[in-house]
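Take a look at the structure below.
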Amino acid sequence: MAGLGFACLLMALLVCVYGIGASLYGVRSGRAEFTASGRRSVYALAGVLTVAFAVLEVAFLRNDFVFNTVADTSSRSTPTFYRAAAVWSSQEGSLLLWAWLLSLWSSLALFLTRRRMRDIASYATAILLGFGGFFIALMVFYANPFATTHPAPAEGAGLDPLLRFPTMMIHPPMLYSGYTLATIPLAFGMGALLSRRVDADWLKAVRRFAFAAWLFLGVGILLGARWSYSELGWGGYWGWDAVENASLMPWLTGTAFLHSLMLQEKRGMLKVWNVSLVLATGTLAIMGTFLVRSGVLNSIHAFGGATLGVPFVTLIGVLIVSRRDMLRSEHRLDSLLSRESIFLANNVVLVGLCFVIFWGTYFPLISAAVTGQESSVGPPWFDRYTVPLALLLVLLSGLGPVIAWRRATLANARRNLLMPVAGALLTLVVLLLAGVPGRPYALAMFSCAGFVLTSLGQEFVRGTRARRAMAGEPAPQALLALVRRNRRRYGGYVVHLGMAVLFIGVAASSSFKHASELSLAPGQSARVGGYEMKYERPTATVTPQFDREHTGSTMALGAEVNVSKDGHHVATLRPSQGYYASGESSAGTVGSLIAGQAVSHISMSGGVTRDLWSAIQPDIGAPVLQRIVSTGNKTLPSEDALVALLYLAREYLKHPPPAQFHFIVSPLVMWIWIGGLIVLGGGLIAIWPAPSTVRRRVLARSRAARGLARA
C-alpha cells in the first residue's frame with residue numbers, strides 16, 4: 001500500500017512537469033491540442049492524488065502502523081471518527097490534502113473555462129500545476145506521507161487530545177479549501193497579465209471561485225475560533241496567534257476584492273487594484289499554508305528564501321507594472337459622496353487591517369533582519385490598531401447601501417442617513433440609560449452596529465414596499481422575491497448584517513468579560529461577575545480499556561460547581577481534566593497510563609445573554625495520590641495497572657486536594673456564532689445562481705447543440 005501511494009506521488013510529479021510544458025508550448029505556439037493536453041493533465045493529477053489520499057486514509061482507518069505518519073498521529077485507542085481526520089493532523093498528511101484539494105478545484109475551474117479564454121487558461125494551467133508540483137516535490141523529497149518503518153510498532157503515539165473535537169474533523173479541510181480556491185483567481189490573474197488580456201472576462205470567470213474561497217476561509221476561521229473557545233481551556237476564541245492570522249489575512253484581501261470587483265463591473269474602475277488584490281490574496285493563501293503547517297515563523301523565512309518566494313512575488317510586481325497602461329481605469333471617481341468612494345474607503349480599511357496583522361505576525365522576522373534580535377508583539381499591540389479600523393469598517397458597511405452610485409446629493413444622503421443615525425444614537429442612549437459601563441470602544445461598536453442594522457433594515461423595507469407596489473404580493477412573498485431576483489445585492493446585505501451581529505458579540509465579550517483564576521476546596525465558593533461559584537464535590541472517572549475507543553482518556557478528575565445568583569440556582573458546571581496514556585515506559589506501568597498530555601474538558605452554560613465558562617486543574621501531584629502511583633509502578637504488572645487508577649480516583653473523591661479553577665462570565669458570546677451563521681447564510685444566497693440564470697445557460701447550450709446537429 002505504501003509503495004502504491006509513493007508511486008502515485010512520483011506519477012503526480014511527472015504529470016505536473018508534463019502539463020506545465022504542454023500548456024506553455026501550446027499557448028506560445030498556438031497548438032490547441034497541447035493546451036488541451038495540459039488541461040487534461042490537471043484532471044489526471046486529480047485522479048492520481050485521489051488514489052494517493054485514499055491509500056493514506058485507509059492506512060489510518062486500518063491502524064497500519066507501518067506508515068510512519070499513522071504511527072506518529074494515531075493509535076488503536078483513537079476513536080474511529082478522529083482516526084479518519086488524523087490524516088491532516090500531520091505535516092505530511094496535510095501537504096497531501098492541500099495538493100489533492102488544489103487538483104480538484106483546479107480541475108473544476110479549467111473544466112468550466114474549457115471553451116473560453118484559452119490563452120489565459122493555458123497560463124493558469126501551468127501556474128496551478130506549478131503550485132501542485134511544488135507541494136508534491138516537498139512530499140517526495142522532504143515530507144513523505146508514505147514513509148514506512150519495519151517492523152511496525154505495535155501501537156501508535158495517538159492523536160493529540162486537543163484535536164479530538166468535532167469541528168476539527170472539518171476545520172482543516174475548510175481552511176485548505178479556502179487556501180486552494182484562492183490560488184485559482186491568482187493563476188487566472190497572472191494568466192491575464194501574461195497573455196495581455198486584462199478585460200473583465202477573466203474576472204467573471206473567477207468571481208465565484210474568489211467568493212467560494214472567501215466563504216470557505218470564513219467558515220474555517222469560525223470553526224477554529226469555536227474550537228479554541230470550547231476546547232483549549234483558556235476561555236478565548238481569538239488570541240492573535242500566527243496560525244490564526246495566516247487565515248485572516250487572505251480573507252481580508254479577498255473581502256476587499258469582492259467589494260472592488262463591483263466597481264470594475266459597473267464603472268470599469270480599479271483594474272490595477274483588483275489585479276493586485278487577487279494576486280495578494282493568492283500569495284497570502286500560499287504563505288498561510290506554510291505558516292499553518294510549520295507552526296514557527298522561521299519556516300516562513302525559509303519559504304521566502306526558496307525558489308518559489310521572492311522571485312514569484314517579484315514576477316507579480318513586474319507583470320502589474322508592465323501592464324499598467326492596459327489596466328487604466330475607464331472612469332474616474334465622480335464625487336467623494338458616492339457609493340464608489342465608500343467602497344474605496346472600505347478597501348483601504350480592509351487592506352490596512354491586513355497590513356497591521358501582517359506586520360505584527362511577521363515582526364519576529366522583521367526585527368531579526370533589522371536588529372539581529374528576534375522579538376514579537378502580543379494581543380494588546382494588535383488590539384491597539386485593529387479595533388479602531390474595525391469600528392470604521394462596520395460603519396462603512398452601513399454607509400454603502402444608502403449612498404447612491406456616481407454622485408449623491410446632500411439632500412438625498414441626508415434623507416437616507418436619517419434613520420441609521422437615529423438608530424445609532426438610540427442604541428447609545430439605551431445603553432447609557434441601562435447603566436452599561438463606560439467602555440468607549442465597546443459603546444462605539446454597539447452604536448455603529450445599530451447604524452448598520454437600521455441602514456440594512458431600511459433597505460429591505462424599501463425594497464419590499466416597492467415590490468409589493470409593483471406585484472401586489474404579501475410582504476413575506478415580496479421580500480422572498482426581492483432577494484431571489486437580486487441575490488448578490490441582498491445576499492451581501494445579509495453578510496453585512498451578520499458581521500454587525502458578530503462584532504456586537506466580540507465587543508461585548510471582550511469588554512465586559514469577568515474572569516477569575518483561584519484555588520478552591522470542596523465547600524468553598526467565589527464570586528465572579530455577580531454569580532456565586534461554589535465547589536460542591538469532586539468527580540472522578542476511570543475508563544476501562546474496552547471503552548476507551550469512545551472517550552480516549554484513561555482517567556478524568558473534575559468537580560461539580562453550583563452557580564447561583566441572588567440566592568437562585570442558575571446552572572451546574574462539571575469541568576474536568578482528562579489524562580491520557582503515554583508510550584513512555586520510564587513513567588512506570590501506572591504512571592504511563594496518565595503521563596500523556598492532560599487536556600481540560602471545559603464545562604459551559606451558554607445563553608443568548610451570557611456564557612458561564614469553567615475549567616479545572618486538579619492537583620494530581622498531591623503526596624497521597626503520588627504514593628498510589630509510585631506503589632502501583634512497583635507492584636502491579638501492566639495488565640493490572642488500571643487497578644491503581646481506581647484507587648487513585650477513590651482517594652481523590654474521599655480526600656480531594658484544593659483545585660485550581662478558571663471561571664469566566666462572558667456576555668453575548670453566542671452572538672459571535674449567530675453572526676457567523678448569518679454571514680454564512682448571506683454568502684450562500686449571494687453565490688447561489690438565480691433560477692433564471694441557470695435556465696438561460698441550459699437554453700443556450702441546447703440551442704448550440706441543435707445548431708451543431710444541423711451542421
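FYI, nothing fancy with the C-alpha cells labels: chains A, B, ... in order, residues from 1 per chain, ligands from 1 as they appear.
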
Residues near region 77-85 of chain A, cut-off 12 Å, only C-alpha atoms, skip fewer than 3 positions along chain, as number ranges by chain
A: 53-54, 56-64, 69-74, 88-90, 93-94, 97, 155-173, 543-554, 580-582

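All residues of protein, DNA or RNA that reach within 8 Å of Ile674 (chain A), judged by only C-alpha atoms and not counting those fewer than 6 positions away in the chain, are Gly498, Val501 and Leu502 of chain A.
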
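Between CA of Asn562 (chain A) and CA of Ala526 (chain A) the interatomic distance comes to 10.8 Å.
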
So which bits of region 361-431 of chain A end up helix (DSSP H, G or I) when you DSSP the backbone, as a PyMOL selection string? chain A and resi 361+363-371+379-402+410-431

Would you output that residue set with C-alpha atoms, as a PDB file, in the first residue's frame?
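So out31.pdb came out as:
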ATOM      1  CA  THR A 361       2.666  38.417  12.567  1.00  0.00           C
ATOM      2  CA  PHE A 363       7.540  41.163  13.196  1.00  0.00           C
ATOM      3  CA  PRO A 364       9.876  38.476  14.627  1.00  0.00           C
ATOM      4  CA  LEU A 365      11.442  38.121  11.179  1.00  0.00           C
ATOM      5  CA  ILE A 366      11.446  41.872  10.584  1.00  0.00           C
ATOM      6  CA  SER A 367      13.124  42.620  13.934  1.00  0.00           C
ATOM      7  CA  ALA A 368      15.669  39.847  13.420  1.00  0.00           C
ATOM      8  CA  ALA A 369      16.564  41.228   9.987  1.00  0.00           C
ATOM      9  CA  VAL A 370      16.880  44.829  11.213  1.00  0.00           C
ATOM     10  CA  THR A 371      18.321  44.472  14.718  1.00  0.00           C
ATOM     11  CA  PRO A 379      -2.568  40.842  21.620  1.00  0.00           C
ATOM     12  CA  PRO A 380      -2.523  44.365  23.170  1.00  0.00           C
ATOM     13  CA  TRP A 381      -0.489  45.619  20.205  1.00  0.00           C
ATOM     14  CA  PHE A 382      -2.915  44.097  17.706  1.00  0.00           C
ATOM     15  CA  ASP A 383      -5.934  45.464  19.602  1.00  0.00           C
ATOM     16  CA  ARG A 384      -4.475  48.978  19.656  1.00  0.00           C
ATOM     17  CA  TYR A 385      -4.547  49.216  15.869  1.00  0.00           C
ATOM     18  CA  THR A 386      -7.230  46.779  14.731  1.00  0.00           C
ATOM     19  CA  VAL A 387     -10.076  47.942  16.989  1.00  0.00           C
ATOM     20  CA  PRO A 388     -10.310  51.495  15.506  1.00  0.00           C
ATOM     21  CA  LEU A 389     -10.074  50.064  11.989  1.00  0.00           C
ATOM     22  CA  ALA A 390     -12.792  47.513  12.790  1.00  0.00           C
ATOM     23  CA  LEU A 391     -15.062  50.336  14.014  1.00  0.00           C
ATOM     24  CA  LEU A 392     -14.542  52.226  10.772  1.00  0.00           C
ATOM     25  CA  LEU A 393     -15.154  49.052   8.761  1.00  0.00           C
ATOM     26  CA  VAL A 394     -18.502  48.382  10.448  1.00  0.00           C
ATOM     27  CA  LEU A 395     -19.575  51.981   9.932  1.00  0.00           C
ATOM     28  CA  LEU A 396     -18.700  51.870   6.218  1.00  0.00           C
ATOM     29  CA  SER A 397     -20.650  48.619   5.775  1.00  0.00           C
ATOM     30  CA  GLY A 398     -23.769  50.542   6.786  1.00  0.00           C
ATOM     31  CA  LEU A 399     -22.975  53.625   4.706  1.00  0.00           C
ATOM     32  CA  GLY A 400     -22.508  51.843   1.376  1.00  0.00           C
ATOM     33  CA  PRO A 401     -26.079  50.595   0.856  1.00  0.00           C
ATOM     34  CA  VAL A 402     -27.690  54.018   1.422  1.00  0.00           C
ATOM     35  CA  LEU A 410     -26.573  66.125   0.061  1.00  0.00           C
ATOM     36  CA  ALA A 411     -30.358  66.167   0.364  1.00  0.00           C
ATOM     37  CA  ASN A 412     -30.645  62.551  -0.757  1.00  0.00           C
ATOM     38  CA  ALA A 413     -27.810  61.419   1.535  1.00  0.00           C
ATOM     39  CA  ARG A 414     -29.353  63.287   4.477  1.00  0.00           C
ATOM     40  CA  ARG A 415     -32.718  61.644   3.863  1.00  0.00           C
ATOM     41  CA  ASN A 416     -31.194  58.152   3.577  1.00  0.00           C
ATOM     42  CA  LEU A 417     -28.945  58.566   6.605  1.00  0.00           C
ATOM     43  CA  LEU A 418     -31.592  59.999   8.934  1.00  0.00           C
ATOM     44  CA  MET A 419     -32.907  56.646  10.164  1.00  0.00           C
ATOM     45  CA  PRO A 420     -29.487  54.916  10.504  1.00  0.00           C
ATOM     46  CA  VAL A 421     -28.069  57.837  12.504  1.00  0.00           C
ATOM     47  CA  ALA A 422     -31.187  57.818  14.691  1.00  0.00           C
ATOM     48  CA  GLY A 423     -30.708  54.060  15.207  1.00  0.00           C
ATOM     49  CA  ALA A 424     -27.096  54.588  16.291  1.00  0.00           C
ATOM     50  CA  LEU A 425     -27.996  57.397  18.709  1.00  0.00           C
ATOM     51  CA  LEU A 426     -30.929  55.443  20.129  1.00  0.00           C
ATOM     52  CA  THR A 427     -28.633  52.451  20.717  1.00  0.00           C
ATOM     53  CA  LEU A 428     -26.153  54.641  22.576  1.00  0.00           C
ATOM     54  CA  VAL A 429     -28.838  56.313  24.718  1.00  0.00           C
ATOM     55  CA  VAL A 430     -30.464  52.992  25.647  1.00  0.00           C
ATOM     56  CA  LEU A 431     -27.105  51.512  26.669  1.00  0.00           C
TER      57      LEU A 431
END

Among the residues of region 296-535 of chain A, find those DSSP assigns to strand (DSSP E or B) from the backbone and print them as a PDB file with N, CA and C atoms, in the first residue's frame.
ATOM      1  N   HIS A 514     -15.848  38.940  32.761  1.00  0.00           N
ATOM      2  CA  HIS A 514     -15.333  38.796  34.119  1.00  0.00           C
ATOM      3  C   HIS A 514     -14.644  37.438  34.226  1.00  0.00           C
ATOM      4  N   ALA A 515     -13.394  37.438  34.592  1.00  0.00           N
ATOM      5  CA  ALA A 515     -12.624  36.194  34.675  1.00  0.00           C
ATOM      6  C   ALA A 515     -11.900  36.135  36.010  1.00  0.00           C
ATOM      7  N   SER A 516     -11.763  34.925  36.507  1.00  0.00           N
ATOM      8  CA  SER A 516     -11.081  34.730  37.784  1.00  0.00           C
ATOM      9  C   SER A 516     -10.406  33.368  37.795  1.00  0.00           C
ATOM     10  N   GLU A 517      -9.171  33.326  38.259  1.00  0.00           N
ATOM     11  CA  GLU A 517      -8.442  32.081  38.466  1.00  0.00           C
ATOM     12  C   GLU A 517      -8.096  31.978  39.944  1.00  0.00           C
ATOM     13  N   LEU A 518      -8.550  30.914  40.596  1.00  0.00           N
ATOM     14  CA  LEU A 518      -8.362  30.801  42.033  1.00  0.00           C
ATOM     15  C   LEU A 518      -8.385  29.347  42.452  1.00  0.00           C
ATOM     16  N   SER A 519      -7.885  29.101  43.650  1.00  0.00           N
ATOM     17  CA  SER A 519      -7.856  27.755  44.215  1.00  0.00           C
ATOM     18  C   SER A 519      -9.010  27.599  45.195  1.00  0.00           C
ATOM     19  N   LEU A 520      -9.772  26.493  45.028  1.00  0.00           N
ATOM     20  CA  LEU A 520     -10.912  26.234  45.901  1.00  0.00           C
ATOM     21  C   LEU A 520     -10.878  24.795  46.390  1.00  0.00           C
ATOM     22  N   SER A 525     -16.484  28.827  47.979  1.00  0.00           N
ATOM     23  CA  SER A 525     -17.128  29.486  46.845  1.00  0.00           C
ATOM     24  C   SER A 525     -16.410  30.786  46.527  1.00  0.00           C
ATOM     25  N   ALA A 526     -16.697  31.319  45.351  1.00  0.00           N
ATOM     26  CA  ALA A 526     -16.117  32.587  44.911  1.00  0.00           C
ATOM     27  C   ALA A 526     -17.158  33.331  44.096  1.00  0.00           C
ATOM     28  N   ARG A 527     -17.036  34.648  44.077  1.00  0.00           N
ATOM     29  CA  ARG A 527     -17.986  35.486  43.332  1.00  0.00           C
ATOM     30  C   ARG A 527     -17.298  35.995  42.062  1.00  0.00           C
ATOM     31  N   VAL A 528     -17.934  35.727  40.919  1.00  0.00           N
ATOM     32  CA  VAL A 528     -17.379  36.134  39.622  1.00  0.00           C
ATOM     33  C   VAL A 528     -18.491  36.773  38.799  1.00  0.00           C
ATOM     34  N   TYR A 531     -22.067  36.320  39.950  1.00  0.00           N
ATOM     35  CA  TYR A 531     -22.502  34.937  40.152  1.00  0.00           C
ATOM     36  C   TYR A 531     -21.683  34.296  41.262  1.00  0.00           C
ATOM     37  N   GLU A 532     -22.347  33.457  42.038  1.00  0.00           N
ATOM     38  CA  GLU A 532     -21.688  32.716  43.105  1.00  0.00           C
ATOM     39  C   GLU A 532     -21.305  31.335  42.580  1.00  0.00           C
ATOM     40  N   MET A 533     -19.992  31.035  42.581  1.00  0.00           N
ATOM     41  CA  MET A 533     -19.487  29.746  42.112  1.00  0.00           C
ATOM     42  C   MET A 533     -19.073  28.916  43.329  1.00  0.00           C
ATOM     43  N   LYS A 534     -19.784  27.837  43.611  1.00  0.00           N
ATOM     44  CA  LYS A 534     -19.490  27.009  44.779  1.00  0.00           C
ATOM     45  C   LYS A 534     -19.026  25.624  44.349  1.00  0.00           C
ATOM     46  N   TYR A 535     -17.838  25.249  44.838  1.00  0.00           N
ATOM     47  CA  TYR A 535     -17.271  23.923  44.579  1.00  0.00           C
ATOM     48  C   TYR A 535     -17.996  22.939  45.490  1.00  0.00           C
TER      49      TYR A 535
END

Can you tell me, as an NGL selection string, what residues are no more than 7 Å from Leu128 (chain A) when counting only C-alpha atoms, ignoring any on the same chain fewer than 4 positions away?
-> :A and (124 or 132 or 187)

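Here CA of Ala622 (chain A) is placed at a distance of 15.8 Å from CA of Ala556 (chain A).
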
Could you name the residues that touch Ala12 (chain A) at 8 Å or less, counting only C-alpha atoms, but leaving out those on the same chain fewer than 2 positions away, as a PDB file with N, CA and C atoms, in the first residue's frame?
ATOM      1  N   CYS A   8       2.171   6.940  -6.698  1.00  0.00           N
ATOM      2  CA  CYS A   8       1.215   7.973  -7.119  1.00  0.00           C
ATOM      3  C   CYS A   8       1.830   9.359  -7.028  1.00  0.00           C
ATOM      4  N   LEU A   9       2.613   9.600  -5.964  1.00  0.00           N
ATOM      5  CA  LEU A   9       3.274  10.898  -5.839  1.00  0.00           C
ATOM      6  C   LEU A   9       4.269  11.123  -6.968  1.00  0.00           C
ATOM      7  N   LEU A  10       5.066  10.107  -7.284  1.00  0.00           N
ATOM      8  CA  LEU A  10       6.027  10.237  -8.378  1.00  0.00           C
ATOM      9  C   LEU A  10       5.302  10.484  -9.699  1.00  0.00           C
ATOM     10  N   LEU A  14       5.454  13.836 -12.235  1.00  0.00           N
ATOM     11  CA  LEU A  14       5.700  13.760 -13.679  1.00  0.00           C
ATOM     12  C   LEU A  14       4.550  14.402 -14.460  1.00  0.00           C
ATOM     13  N   VAL A  15       3.318  14.185 -14.006  1.00  0.00           N
ATOM     14  CA  VAL A  15       2.159  14.793 -14.658  1.00  0.00           C
ATOM     15  C   VAL A  15       2.253  16.315 -14.600  1.00  0.00           C
ATOM     16  N   CYS A  16       2.673  16.855 -13.454  1.00  0.00           N
ATOM     17  CA  CYS A  16       2.819  18.309 -13.315  1.00  0.00           C
ATOM     18  C   CYS A  16       3.867  18.842 -14.286  1.00  0.00           C
ATOM     19  N   LEU A  45      -3.968  14.624 -12.718  1.00  0.00           N
ATOM     20  CA  LEU A  45      -3.380  14.889 -11.400  1.00  0.00           C
ATOM     21  C   LEU A  45      -4.411  14.664 -10.304  1.00  0.00           C
ATOM     22  N   VAL A  48      -4.856  10.845  -9.809  1.00  0.00           N
ATOM     23  CA  VAL A  48      -3.718  10.192  -9.158  1.00  0.00           C
ATOM     24  C   VAL A  48      -3.664  10.557  -7.679  1.00  0.00           C
ATOM     25  N   LEU A  49      -3.869  11.837  -7.370  1.00  0.00           N
ATOM     26  CA  LEU A  49      -3.815  12.259  -5.960  1.00  0.00           C
ATOM     27  C   LEU A  49      -5.008  11.729  -5.170  1.00  0.00           C
ATOM     28  N   GLY A 133       2.987  20.937  -8.315  1.00  0.00           N
ATOM     29  CA  GLY A 133       4.284  20.274  -8.393  1.00  0.00           C
ATOM     30  C   GLY A 133       5.201  20.640  -7.250  1.00  0.00           C
ATOM     31  N   ILE A 136       3.979  18.706  -4.215  1.00  0.00           N
ATOM     32  CA  ILE A 136       4.260  17.278  -4.389  1.00  0.00           C
ATOM     33  C   ILE A 136       5.750  17.005  -4.235  1.00  0.00           C
TER      34      ILE A 136
END

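We find CA of Ala442 (chain A) and CA of Val608 (chain A) to be spaced 18.0 Å apart.
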
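Distances here use only C-alpha atoms; by that measure, the residue among A:Leu479, A:Ile620, A:Met670, A:Leu557 closest to Ser605 (chain A) is A:Met670.
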
Within 9 Å of Pro145 (chain A), counting only C-alpha atoms, which residues qualify if same-chain residues fewer than 3 places away don't, as a CSV table (one decimal) with N, CA, C and O atoms, in the first residue's frame?
chain,number,residue,atom,x,y,z
A,2,ALA,N,1.9,1.3,0.8
A,2,ALA,CA,2.8,2.4,0.9
A,2,ALA,C,3.5,2.6,-0.4
A,2,ALA,O,3.7,3.8,-0.9
A,5,GLY,N,1.1,4.3,-2.8
A,5,GLY,CA,1.0,5.7,-2.5
A,5,GLY,C,2.1,6.6,-3.0
A,5,GLY,O,2.0,7.6,-3.6
A,6,PHE,N,3.4,6.1,-2.8
A,6,PHE,CA,4.5,6.8,-3.2
A,6,PHE,C,4.6,6.8,-4.7
A,6,PHE,O,5.0,7.9,-5.3
A,56,LEU,N,-3.7,6.6,2.0
A,56,LEU,CA,-3.3,7.1,3.3
A,56,LEU,C,-4.5,7.0,4.3
A,56,LEU,O,-4.4,6.7,5.5
A,67,PHE,N,3.1,2.7,8.3
A,67,PHE,CA,3.2,4.1,7.9
A,67,PHE,C,3.7,4.9,9.1
A,67,PHE,O,3.1,4.9,10.1
A,68,ASN,N,4.8,5.6,8.9
A,68,ASN,CA,5.3,6.5,10.0
A,68,ASN,C,4.3,7.5,10.4
A,68,ASN,O,4.1,7.9,11.6
A,69,THR,N,3.6,8.1,9.4
A,69,THR,CA,2.6,9.1,9.7
A,69,THR,C,1.5,8.6,10.6
A,69,THR,O,1.0,9.2,11.5
A,70,VAL,N,1.0,7.4,10.3
A,70,VAL,CA,0.0,6.7,11.1
A,70,VAL,C,0.5,6.5,12.5
A,70,VAL,O,-0.2,6.7,13.5
A,90,SER,N,-1.0,15.7,10.6
A,90,SER,CA,0.5,15.7,10.5
A,90,SER,C,0.9,16.6,9.3
A,90,SER,O,0.1,16.9,8.4
A,91,GLN,N,2.1,17.0,9.3
A,91,GLN,CA,2.6,17.8,8.2
A,91,GLN,C,2.5,17.1,6.9
A,91,GLN,O,2.1,17.7,5.9
A,92,GLU,N,2.9,15.8,6.8
A,92,GLU,CA,2.9,15.1,5.6
A,92,GLU,C,1.5,14.9,5.1
A,92,GLU,O,1.2,15.1,3.9
A,93,GLY,N,0.6,14.5,5.9
A,93,GLY,CA,-0.8,14.3,5.5
A,93,GLY,C,-1.5,15.6,5.1
A,93,GLY,O,-2.3,15.6,4.1
A,95,LEU,N,0.0,18.3,3.7
A,95,LEU,CA,0.5,18.6,2.4
A,95,LEU,C,-0.2,17.8,1.3
A,95,LEU,O,-0.5,18.4,0.3
A,96,LEU,N,-0.5,16.6,1.6
A,96,LEU,CA,-1.2,15.8,0.6
A,96,LEU,C,-2.6,16.3,0.5
A,96,LEU,O,-3.1,16.4,-0.7
A,139,MET,N,6.7,16.7,-0.7
A,139,MET,CA,6.3,15.3,-0.1
A,139,MET,C,7.3,14.3,-0.6
A,139,MET,O,7.7,13.4,0.1
A,140,VAL,N,7.7,14.3,-1.9
A,140,VAL,CA,8.6,13.3,-2.4
A,140,VAL,C,10.0,13.4,-1.8
A,140,VAL,O,10.6,12.4,-1.4
A,148,THR,N,7.8,4.5,5.6
A,148,THR,CA,7.5,3.3,6.5
A,148,THR,C,8.6,2.9,7.4
A,148,THR,O,9.8,3.3,7.2

| said: Give me, as a ChimeraX atom specification, all polymer residues having an atom no more than 9 Å from region 105-116 of chain A, counting only C-alpha atoms and skipping those fewer than 4 positions away in the same chain. | reply: /A:36,39-40,42-43,45-46,100-101,120-121,124-125,128-129,177,180-181,183-184,205-206,209

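Using only C-alpha atoms, the smallest distance between any of A:Gly588, A:Pro618, A:Arg196, A:Phe355 and Ser630 (chain A) comes from A:Gly588.
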